[in-house]
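Heads up, data26.cif below (mmCIF, C-alpha atoms and all ligand atoms):
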```cif
data_start
#
loop_
_atom_site.label_atom_id
_atom_site.label_comp_id
_atom_site.auth_asym_id
_atom_site.auth_seq_id
_atom_site.Cartn_x
_atom_site.Cartn_y
_atom_site.Cartn_z
CA MET A 1 22.16 -22.94 12.29
CA PHE A 2 21.03 -20.02 10.12
CA VAL A 3 22.40 -16.73 11.48
CA LYS A 4 21.18 -13.23 10.71
CA VAL A 5 22.98 -10.13 11.98
CA CYS A 6 20.67 -7.13 11.99
CA GLY A 7 20.94 -3.36 12.26
CA LEU A 8 24.16 -3.04 10.29
CA SER A 9 25.07 0.48 9.21
CA THR A 10 28.76 0.45 8.27
CA PRO A 11 30.78 -1.39 5.61
CA GLU A 12 33.06 -2.71 8.36
CA ALA A 13 30.19 -4.34 10.23
CA VAL A 14 28.83 -5.87 7.02
CA HIS A 15 32.30 -7.20 6.19
CA GLU A 16 32.68 -8.71 9.66
CA ALA A 17 29.27 -10.40 9.59
CA VAL A 18 29.80 -11.83 6.12
CA ASN A 19 33.34 -12.96 6.86
CA ALA A 20 32.25 -14.60 10.09
CA GLY A 21 29.74 -16.69 8.13
CA ALA A 22 26.40 -14.94 8.62
CA ASP A 23 23.65 -16.22 6.32
CA ALA A 24 21.74 -12.94 6.32
CA VAL A 25 22.31 -9.30 7.18
CA GLY A 26 19.65 -6.74 8.06
CA PHE A 27 19.41 -3.03 7.30
CA VAL A 28 16.84 -1.12 9.36
CA LEU A 29 14.79 1.13 7.09
CA THR A 30 12.33 2.31 9.73
CA ALA A 31 12.53 4.65 12.75
CA SER A 32 15.38 3.31 14.89
CA PRO A 33 18.78 4.26 16.31
CA ARG A 34 20.07 1.91 13.58
CA VAL A 35 18.21 3.45 10.68
CA VAL A 36 19.92 3.72 7.31
CA SER A 37 18.54 5.47 4.25
CA PRO A 38 17.77 3.49 1.08
CA PRO A 39 20.91 4.92 -0.62
CA GLN A 40 23.01 3.91 2.40
CA ALA A 41 21.51 0.42 2.31
CA ALA A 42 22.25 0.22 -1.42
CA ALA A 43 25.89 1.13 -0.75
CA LEU A 44 26.17 -1.43 2.07
CA LEU A 45 24.67 -4.05 -0.23
CA GLY A 46 27.86 -3.80 -2.28
CA GLY A 47 29.63 -5.68 0.52
CA VAL A 48 27.13 -8.53 0.61
CA PRO A 49 28.09 -11.51 -1.58
CA GLU A 50 25.60 -13.63 -3.47
CA GLY A 51 24.20 -16.31 -1.21
CA VAL A 52 23.91 -14.01 1.79
CA ALA A 53 20.40 -12.62 2.18
CA ALA A 54 20.22 -8.83 2.49
CA VAL A 55 17.06 -7.83 4.35
CA GLY A 56 15.28 -4.49 4.68
CA VAL A 57 13.65 -4.22 8.11
CA PHE A 58 10.35 -2.37 8.65
CA ARG A 59 7.79 -1.86 11.41
CA ASP A 60 4.17 -0.88 10.84
CA GLU A 61 4.71 0.55 7.34
CA PRO A 62 2.20 -0.79 4.79
CA ALA A 63 3.73 -3.79 3.04
CA ALA A 64 3.53 -2.03 -0.33
CA ASP A 65 5.59 0.89 1.01
CA ALA A 66 8.15 -1.46 2.55
CA VAL A 67 8.49 -3.31 -0.74
CA ALA A 68 8.97 -0.06 -2.67
CA ILE A 69 11.62 1.22 -0.25
CA ALA A 70 13.48 -2.10 -0.16
CA ARG A 71 13.40 -2.32 -3.93
CA ALA A 72 14.81 1.20 -4.22
CA ALA A 73 17.72 -0.01 -2.09
CA GLY A 74 18.21 -3.11 -4.27
CA LEU A 75 17.16 -5.54 -1.53
CA GLU A 76 15.35 -8.81 -2.28
CA TRP A 77 14.11 -9.50 1.25
CA VAL A 78 11.86 -7.55 3.60
CA GLN A 79 11.31 -8.17 7.30
CA LEU A 80 7.94 -6.90 8.48
CA HIS A 81 7.28 -6.20 12.16
CA GLY A 82 3.88 -5.08 13.45
CA GLU A 83 0.35 -6.40 12.92
CA ARG A 84 0.29 -8.23 9.57
CA THR A 85 -2.20 -10.05 7.39
CA ALA A 86 -2.05 -12.77 4.75
CA GLU A 87 -2.55 -9.95 2.23
CA ASP A 88 0.84 -8.52 3.27
CA VAL A 89 2.52 -11.83 2.42
CA LYS A 90 0.89 -11.71 -1.01
CA THR A 91 2.00 -8.11 -1.54
CA VAL A 92 5.63 -9.06 -0.90
CA HIS A 93 5.49 -12.14 -3.09
CA ASP A 94 3.66 -10.38 -5.92
CA ALA A 95 6.58 -7.94 -5.95
CA GLY A 96 8.95 -10.89 -6.44
CA MET A 97 10.51 -10.44 -3.01
CA LYS A 98 11.04 -12.73 -0.02
CA LEU A 99 9.59 -12.22 3.43
CA ILE A 100 10.63 -12.56 7.05
CA ARG A 101 7.39 -12.11 9.00
CA ALA A 102 8.16 -10.99 12.54
CA VAL A 103 5.87 -11.80 15.46
CA THR A 104 6.31 -11.31 19.20
CA MET A 105 6.68 -14.26 21.52
CA SER A 106 3.29 -13.42 23.07
CA ALA A 107 1.40 -13.22 19.75
CA ALA A 108 -1.92 -15.01 19.27
CA PRO A 109 -1.49 -18.69 18.30
CA GLU A 110 -2.64 -18.04 14.69
CA ALA A 111 0.34 -15.72 14.22
CA PHE A 112 2.75 -18.67 14.52
CA GLY A 113 1.08 -20.47 11.63
CA ASN A 114 2.56 -20.79 8.17
CA TRP A 115 1.24 -17.90 6.10
CA GLY A 116 3.57 -18.68 3.22
CA GLU A 117 6.43 -16.45 4.32
CA GLU A 118 9.98 -17.68 3.64
CA LEU A 119 10.95 -17.25 7.32
CA LEU A 120 9.11 -16.52 10.54
CA LEU A 121 10.93 -14.51 13.22
CA ILE A 122 9.89 -14.72 16.86
CA ASP A 123 11.04 -11.67 18.78
CA ALA A 124 10.72 -9.88 22.12
CA ALA A 125 7.84 -7.45 22.64
CA VAL A 126 9.87 -4.51 21.32
CA PRO A 127 12.05 -5.30 18.29
CA GLY A 128 15.67 -4.27 18.56
CA SER A 129 15.37 -3.66 22.32
CA GLY A 130 17.86 -6.27 23.47
CA GLU A 131 15.21 -7.65 25.81
CA ALA A 132 15.60 -11.35 26.66
CA TRP A 133 12.55 -13.54 27.17
CA ASP A 134 11.68 -17.13 28.09
CA TYR A 135 13.01 -18.76 24.92
CA GLY A 136 11.86 -22.23 25.98
CA SER A 137 8.25 -21.02 25.94
CA VAL A 138 8.05 -21.48 22.16
CA ALA A 139 9.70 -24.90 22.01
CA ALA A 140 6.45 -26.82 22.09
CA ILE A 141 4.41 -24.74 19.63
CA PRO A 142 3.23 -27.39 17.13
CA ALA A 143 3.10 -24.91 14.21
CA LEU A 144 6.88 -24.43 14.47
CA THR A 145 7.81 -28.07 14.06
CA GLY A 146 9.77 -28.54 10.85
CA ARG A 147 9.50 -24.83 10.04
CA ARG A 148 12.22 -22.37 9.12
CA TRP A 149 12.05 -19.78 11.87
CA LEU A 150 14.43 -17.42 13.62
CA LEU A 151 14.76 -16.76 17.34
CA ALA A 152 15.41 -13.10 18.24
CA GLY A 153 15.41 -10.70 21.15
CA GLY A 154 18.15 -10.32 23.72
CA LEU A 155 20.54 -12.83 22.18
CA ASP A 156 24.30 -12.35 22.54
CA PRO A 157 27.47 -14.42 22.09
CA GLU A 158 27.16 -15.85 25.61
CA ASN A 159 23.51 -16.93 25.62
CA VAL A 160 22.82 -17.82 21.98
CA SER A 161 23.73 -21.49 22.23
CA GLN A 162 21.57 -22.14 25.29
CA ALA A 163 18.70 -20.00 23.97
CA ALA A 164 18.59 -21.71 20.58
CA THR A 165 18.66 -25.11 22.25
CA ALA A 166 15.87 -24.18 24.67
CA ALA A 167 13.67 -22.83 21.86
CA VAL A 168 14.58 -25.60 19.39
CA ALA A 169 15.24 -22.79 16.93
CA TRP A 170 16.09 -23.27 13.26
CA GLY A 171 18.05 -20.01 13.18
CA VAL A 172 18.88 -16.92 15.20
CA ASP A 173 18.87 -13.15 14.73
CA VAL A 174 20.80 -10.54 16.71
CA SER A 175 21.27 -6.82 16.90
CA SER A 176 21.65 -5.32 20.39
CA GLY A 177 23.79 -8.21 21.65
CA VAL A 178 26.56 -7.41 19.18
CA GLU A 179 26.73 -3.69 19.96
CA LEU A 180 29.06 -1.50 22.01
CA SER A 181 26.24 0.98 22.56
CA ARG A 182 22.77 1.37 21.01
CA GLY A 183 23.27 1.42 17.23
CA VAL A 184 27.05 0.96 17.29
CA LYS A 185 28.15 -2.51 16.30
CA ASP A 186 31.11 -4.26 17.97
CA LEU A 187 33.06 -6.21 15.37
CA ASP A 188 34.48 -8.66 17.93
CA LYS A 189 31.00 -9.43 19.24
CA ILE A 190 29.68 -10.00 15.71
CA ARG A 191 32.44 -12.53 15.13
CA ALA A 192 31.90 -14.18 18.51
CA PHE A 193 28.13 -14.36 18.00
CA VAL A 194 28.29 -16.04 14.61
CA LYS A 195 30.94 -18.47 15.88
CA ALA A 196 28.89 -19.39 18.95
CA ALA A 197 25.68 -19.78 16.96
CA LYS A 198 27.30 -21.90 14.26
CA ALA A 199 28.98 -24.10 16.88
O1 LIG B 201 16.63 -2.56 15.44
C1 LIG B 201 15.68 -1.81 15.56
O2 LIG B 201 15.77 -0.72 16.16
C2 LIG B 201 14.35 -2.17 14.97
C3 LIG B 201 13.38 -1.21 14.88
C4 LIG B 201 12.14 -1.53 14.36
C5 LIG B 201 11.88 -2.79 13.89
C6 LIG B 201 12.87 -3.78 13.97
C7 LIG B 201 14.09 -3.48 14.52
N1 LIG B 201 15.06 -4.43 14.62
C8 LIG B 201 14.84 -5.79 14.36
C9 LIG B 201 16.04 -6.57 14.70
O3 LIG B 201 17.12 -6.06 14.79
C10 LIG B 201 15.93 -8.02 14.96
O4 LIG B 201 15.00 -8.61 14.17
C11 LIG B 201 15.67 -8.31 16.41
O5 LIG B 201 14.56 -7.58 16.85
C12 LIG B 201 16.89 -8.06 17.20
O6 LIG B 201 16.62 -7.91 18.56
P1 LIG B 201 17.79 -7.58 19.60
O7 LIG B 201 18.93 -8.52 19.29
O8 LIG B 201 17.17 -7.82 20.92
O9 LIG B 201 18.19 -6.17 19.39
#
```

As C-alpha cells - that is how I would like this structure written.
Ligand SMILES: O=C(O)c1ccccc1NCC(=O)[C@H](O)[C@H](O)COP(=O)(O)O
Amino acid sequence: MFVKVCGLSTPEAVHEAVNAGADAVGFVLTASPRVVSPPQAAALLGGVPEGVAAVGVFRDEPAADAVAIARAAGLEWVQLHGERTAEDVKTVHDAGMKLIRAVTMSAAPEAFGNWGEELLLIDAAVPGSGEAWDYGSVAAIPALTGRRWLLAGGLDPENVSQAATAAVAWGVDVSSGVELSRGVKDLDKIRAFVKAAKA
C-alpha cells in the first residue's frame, strides 16, 4: 500500500514519516493552517531521501503558477485540488514534473477517468478537513480498476485499514488524522498510521 503523509511543516514530522516508511510526503503551498513557504519546503526537502516523493500541494491556483512555486522549492511533484482540465495535466508534464490530480468523492464521473496524471487522489469535499465519507462508494467505479489512486479524507490510524479495504484503494493519504490539533502533527500518530496502512 502506497502511503502519503501530507501537511508536514517540521523536520521532525518529515523524519518520522520517512522513517516509518511513507512513500510520499506533502507540503501545503496554498492557503491552509498547514501552509509552508517555498523556502521552508526547500529546507524540509533536505530530510526527504531519494525514492520518497516530495509533493507541493495547491488548490485553485493556475497549474502554471503551482509548477513555478513547486519548482522554486525544488519539488518534482505537484498535487492540484480544484476544478482542473486536461490542459493542466499537460502544463505539469511539459514542466517535467509529476502530478497528483485531486478530485472529490462526489465529482462528475469524467473526473475519475485517466487524464494522464501519475496519481489520482479521491478526497472529501473539503481537502484537509479531516472529514470522513462513505469510502465504499468508490469501490465499483470502473475507471479506477487497475489504476494508481489514493484514498484521502478523514483517515486515521484506526480506520485506515477498513477504509482502504472498503474502497479497494491502491494507496492512502492523510493529514488531519495524524495531528494533535489543526496543523500540528503528532509523531506517534504518523508512525501508527503508516504501520496500519502498510499492514
Ligand atoms: O491540508 C490542507 O489544509 C489543504 C488545503 C488546501 C488543499 C489541500 C490541502 N490538503 C490536502 C491533504 O492534506 C490531503 O490530500 C487530504 O486532503 C488530507 O485530508 P485529511 O486527512 O482529511 O486532512

Practice item. Name all residues at most 8 Å from stretch 182-193 of chain A (count only C-alpha atoms; drop same-chain ones fewer than 3 positions away) and give them as a PyMOL selection string. Key: chain A and resi 5+7-8+12-13+16-17+20+33-34+156-158+160+176-179+196-197

Exercise for review: Could you tell me which of A:Gly21, A:Gly26, A:Gly56, A:Tyr135 comes closest to A:Gln162 if we count all atoms listed in the file?
Suggested key: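 Among the listed residues, A:Tyr135 lies closest to A:Gln162.
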
Practice item. Please identify every polymer residue within 7 Å of ligand LIG 201 (chain B), using all atoms listed in the file, and present the set as a PyMOL selection string. Key: chain A and resi 6-7+28+30-34+57-59+81+123-124+127-132+152-155+173-177

Check your understanding: Pick the closest to A:Val48 from A:Pro142, A:Gly82, A:Pro62, A:Pro11: which is it, counting only C-alpha atoms?
Key ->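 Under the stated criterion, the closest residue is A:Pro11.
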
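Of the listed residues A:Val3, A:Ala139, A:Ala54, A:Val194, the one whose atoms come nearest to A:Phe112 is A:Ala139, with distances taken using all atoms listed in the file.
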
Point to revise | Minimum-distance residue to A:Ala64, chosen among A:Val14, A:Val92, A:Ala24, A:Leu99 (using only C-alpha atoms) | key: A:Val92

Review point. So, counting only C-alpha atoms, which residue among A:Leu44, A:Arg101, A:Pro39, A:Thr10 is closest to A:Asp60?
Key: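 Ranking A:Leu44, A:Arg101, A:Pro39, A:Thr10 by distance to A:Asp60, first place goes to A:Arg101.
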
Check your understanding: In Å, with one decimal, what is the gap from atom CA of A:Gly74 to atom CA of A:Met97?
Key ->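 About the pair atom CA of A:Gly74 and atom CA of A:Met97: they are 10.7 Å apart.
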
Check your understanding: What does the distance between atom CA of A:Val168 and atom CA of A:Phe27 come to in Å, to one decimal place?
Key ->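 Going from atom CA of A:Val168 over to atom CA of A:Phe27 covers 26.1 Å.
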
**Study point:** Two-atom distance - atom CA of A:Val78, atom CA of A:Ser106 (Å)
**Key:**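 Computed distance, atom CA of A:Val78 to atom CA of A:Ser106, equals 22.1 Å.
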
Exercise for review: Within 10 Å of (9.9, -22.2, 22.3) (coordinates as in the file), grab all the protein and nucleic acid residues, counting all atoms listed in the file, and write them out as a list in words.
Suggested key: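 With a cut-off of 10 Å, the residues come to Met105, Ile122, Asp134, Tyr135, Gly136, Ser137, Val138, Ala139, Ala140, Ile141, Pro142, Leu144, Leu151, Ala163, Ala164, Thr165, Ala166, Ala167, Val168 and Ala169 of chain A.
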
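Remark: for A:Ala22, the closest of the candidate residues A:Phe2, A:Ala102, A:Gln40, A:Ala111 is A:Phe2 (distances computed over all atoms listed in the file).
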
Point to revise | Shell around A:Met1 at 8 Å using all atoms listed in the file, local window under 6 positions removed, as a list in words | key: Trp170, Gly171, Val172, Ala197 and Lys198 of chain A

Emit the selected residues as an mmCIF file, keeping the file's coordinate frame, including C-alpha atoms.
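Everything below was put into selection04.cif:
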```cif
data_model
loop_
_atom_site.group_PDB
_atom_site.id
_atom_site.type_symbol
_atom_site.label_atom_id
_atom_site.label_comp_id
_atom_site.auth_asym_id
_atom_site.auth_seq_id
_atom_site.Cartn_x
_atom_site.Cartn_y
_atom_site.Cartn_z
ATOM 1 C CA TRP A 170 16.090 -23.270 13.260
ATOM 2 C CA GLY A 171 18.050 -20.010 13.180
ATOM 3 C CA VAL A 172 18.880 -16.920 15.200
ATOM 4 C CA ALA A 197 25.680 -19.780 16.960
ATOM 5 C CA LYS A 198 27.300 -21.900 14.260
#
```

Review point. Using only C-alpha atoms, which residues sit within 9 Å of A:Lys98 once same-chain residues fewer than 6 positions away are excluded, as a list in words?
Key: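 Here the qualifying residues turn out to be Val55, Glu76, Trp77, Val78, Gln79, Val89, Val92, Glu117, Glu118 and Leu119 of chain A.
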
Residues from the last selection, C-alpha atoms, saved as a short mmCIF file (atom, residue, chain, number, x, y, z; two decimals), in the frame of the given file:
```
data_model
loop_
_atom_site.label_atom_id
_atom_site.label_comp_id
_atom_site.auth_asym_id
_atom_site.auth_seq_id
_atom_site.Cartn_x
_atom_site.Cartn_y
_atom_site.Cartn_z
CA VAL A 55 17.06 -7.83 4.35
CA GLU A 76 15.35 -8.81 -2.28
CA TRP A 77 14.11 -9.50 1.25
CA VAL A 78 11.86 -7.55 3.60
CA GLN A 79 11.31 -8.17 7.30
CA VAL A 89 2.52 -11.83 2.42
CA VAL A 92 5.63 -9.06 -0.90
CA GLU A 117 6.43 -16.45 4.32
CA GLU A 118 9.98 -17.68 3.64
CA LEU A 119 10.95 -17.25 7.32
#
```

Exercise for review: Determine, counting all atoms listed in the file, every residue of protein, DNA or RNA that lies within 12 Å of (22.1, 4.8, -0.3) in the file coordinates, then give the result as a ChimeraX atom specification.
Suggested key: /A:9-10,27,29,35-46,69-75

Exercise for review: Within 8 Å of A:Val18, counting only C-alpha atoms, which residues show up once you throw out same-chain ones fewer than 5 positions away? Write them as a ChimeraX atom specification, please.
Suggested key: /A:23,25,48-49,52

Stretch 80-175 of chain A written out with C-alpha atoms as a tab-separated table (two decimals), in the first residue's frame:
```
chain	number	residue	atom	x	y	z
A	80	LEU	CA	-3.67	20.03	-7.70
A	81	HIS	CA	-7.03	20.41	-5.96
A	82	GLY	CA	-9.92	22.36	-7.50
A	83	GLU	CA	-11.54	22.29	-10.94
A	84	ARG	CA	-8.93	21.02	-13.42
A	85	THR	CA	-8.65	20.37	-17.14
A	86	ALA	CA	-6.57	18.12	-19.36
A	87	GLU	CA	-4.56	21.26	-20.19
A	88	ASP	CA	-3.43	21.41	-16.54
A	89	VAL	CA	-2.02	17.88	-16.81
A	90	LYS	CA	-0.09	18.95	-19.90
A	91	THR	CA	1.22	22.07	-18.14
A	92	VAL	CA	2.64	19.96	-15.32
A	93	HIS	CA	4.17	17.38	-17.65
A	94	ASP	CA	5.60	19.99	-20.02
A	95	ALA	CA	7.43	21.38	-16.98
A	96	GLY	CA	8.95	17.93	-16.40
A	97	MET	CA	7.02	17.42	-13.18
A	98	LYS	CA	4.68	14.70	-11.90
A	99	LEU	CA	1.06	15.18	-10.96
A	100	ILE	CA	-1.38	14.05	-8.29
A	101	ARG	CA	-4.77	15.23	-9.56
A	102	ALA	CA	-7.19	15.58	-6.66
A	103	VAL	CA	-10.94	15.15	-7.09
A	104	THR	CA	-13.74	14.98	-4.55
A	105	MET	CA	-15.67	11.78	-3.97
A	106	SER	CA	-18.78	13.43	-5.46
A	107	ALA	CA	-17.08	14.64	-8.65
A	108	ALA	CA	-18.66	14.05	-12.07
A	109	PRO	CA	-17.88	10.58	-13.49
A	110	GLU	CA	-15.48	12.04	-16.13
A	111	ALA	CA	-13.27	13.35	-13.33
A	112	PHE	CA	-12.38	9.78	-12.29
A	113	GLY	CA	-11.04	8.99	-15.75
A	114	ASN	CA	-7.38	8.68	-16.60
A	115	TRP	CA	-6.21	12.09	-17.80
A	116	GLY	CA	-2.58	11.01	-17.84
A	117	GLU	CA	-1.74	12.06	-14.30
A	118	GLU	CA	0.72	9.89	-12.35
A	119	LEU	CA	-1.75	9.50	-9.45
A	120	LEU	CA	-5.39	10.35	-8.87
A	121	LEU	CA	-6.45	11.31	-5.33
A	122	ILE	CA	-10.06	10.96	-4.21
A	123	ASP	CA	-10.79	13.22	-1.26
A	124	ALA	CA	-13.60	14.56	0.91
A	125	ALA	CA	-15.47	17.68	-0.22
A	126	VAL	CA	-13.04	19.99	1.60
A	127	PRO	CA	-9.37	18.96	1.36
A	128	GLY	CA	-7.50	18.76	4.63
A	129	SER	CA	-10.74	18.94	6.66
A	130	GLY	CA	-10.48	15.55	8.33
A	131	GLU	CA	-13.99	14.78	7.12
A	132	ALA	CA	-14.73	11.06	6.66
A	133	TRP	CA	-17.01	9.88	3.87
A	134	ASP	CA	-18.50	6.66	2.51
A	135	TYR	CA	-15.25	5.13	1.26
A	136	GLY	CA	-17.01	2.08	-0.19
A	137	SER	CA	-18.91	4.35	-2.59
A	138	VAL	CA	-15.94	4.48	-4.96
A	139	ALA	CA	-15.13	0.77	-4.91
A	140	ALA	CA	-17.14	-0.04	-8.00
A	141	ILE	CA	-16.10	2.87	-10.23
A	142	PRO	CA	-14.87	1.08	-13.38
A	143	ALA	CA	-12.36	3.84	-14.25
A	144	LEU	CA	-10.43	3.08	-11.05
A	145	THR	CA	-9.83	-0.58	-11.77
A	146	GLY	CA	-6.11	-1.22	-12.17
A	147	ARG	CA	-5.33	2.47	-11.58
A	148	ARG	CA	-2.88	4.06	-9.18
A	149	TRP	CA	-5.07	6.18	-6.95
A	150	LEU	CA	-5.02	7.43	-3.38
A	151	LEU	CA	-7.87	7.46	-0.88
A	152	ALA	CA	-8.00	10.58	1.33
A	153	GLY	CA	-10.24	12.45	3.72
A	154	GLY	CA	-10.80	11.62	7.35
A	155	LEU	CA	-8.37	8.72	7.51
A	156	ASP	CA	-6.54	7.95	10.76
A	157	PRO	CA	-4.54	5.07	12.27
A	158	GLU	CA	-7.72	3.36	13.48
A	159	ASN	CA	-9.85	3.48	10.32
A	160	VAL	CA	-7.28	3.34	7.51
A	161	SER	CA	-7.24	-0.43	7.12
A	162	GLN	CA	-11.01	-0.78	6.92
A	163	ALA	CA	-11.38	2.31	4.71
A	164	ALA	CA	-8.76	1.18	2.20
A	165	THR	CA	-10.33	-2.26	2.04
A	166	ALA	CA	-13.83	-0.83	1.53
A	167	ALA	CA	-12.64	1.49	-1.26
A	168	VAL	CA	-10.28	-1.08	-2.82
A	169	ALA	CA	-7.68	1.69	-2.73
A	170	TRP	CA	-4.21	1.45	-4.24
A	171	GLY	CA	-2.83	3.92	-1.70
A	172	VAL	CA	-3.82	6.31	1.06
A	173	ASP	CA	-3.16	9.91	2.05
A	174	VAL	CA	-3.55	11.51	5.48
A	175	SER	CA	-3.18	14.84	7.19
```
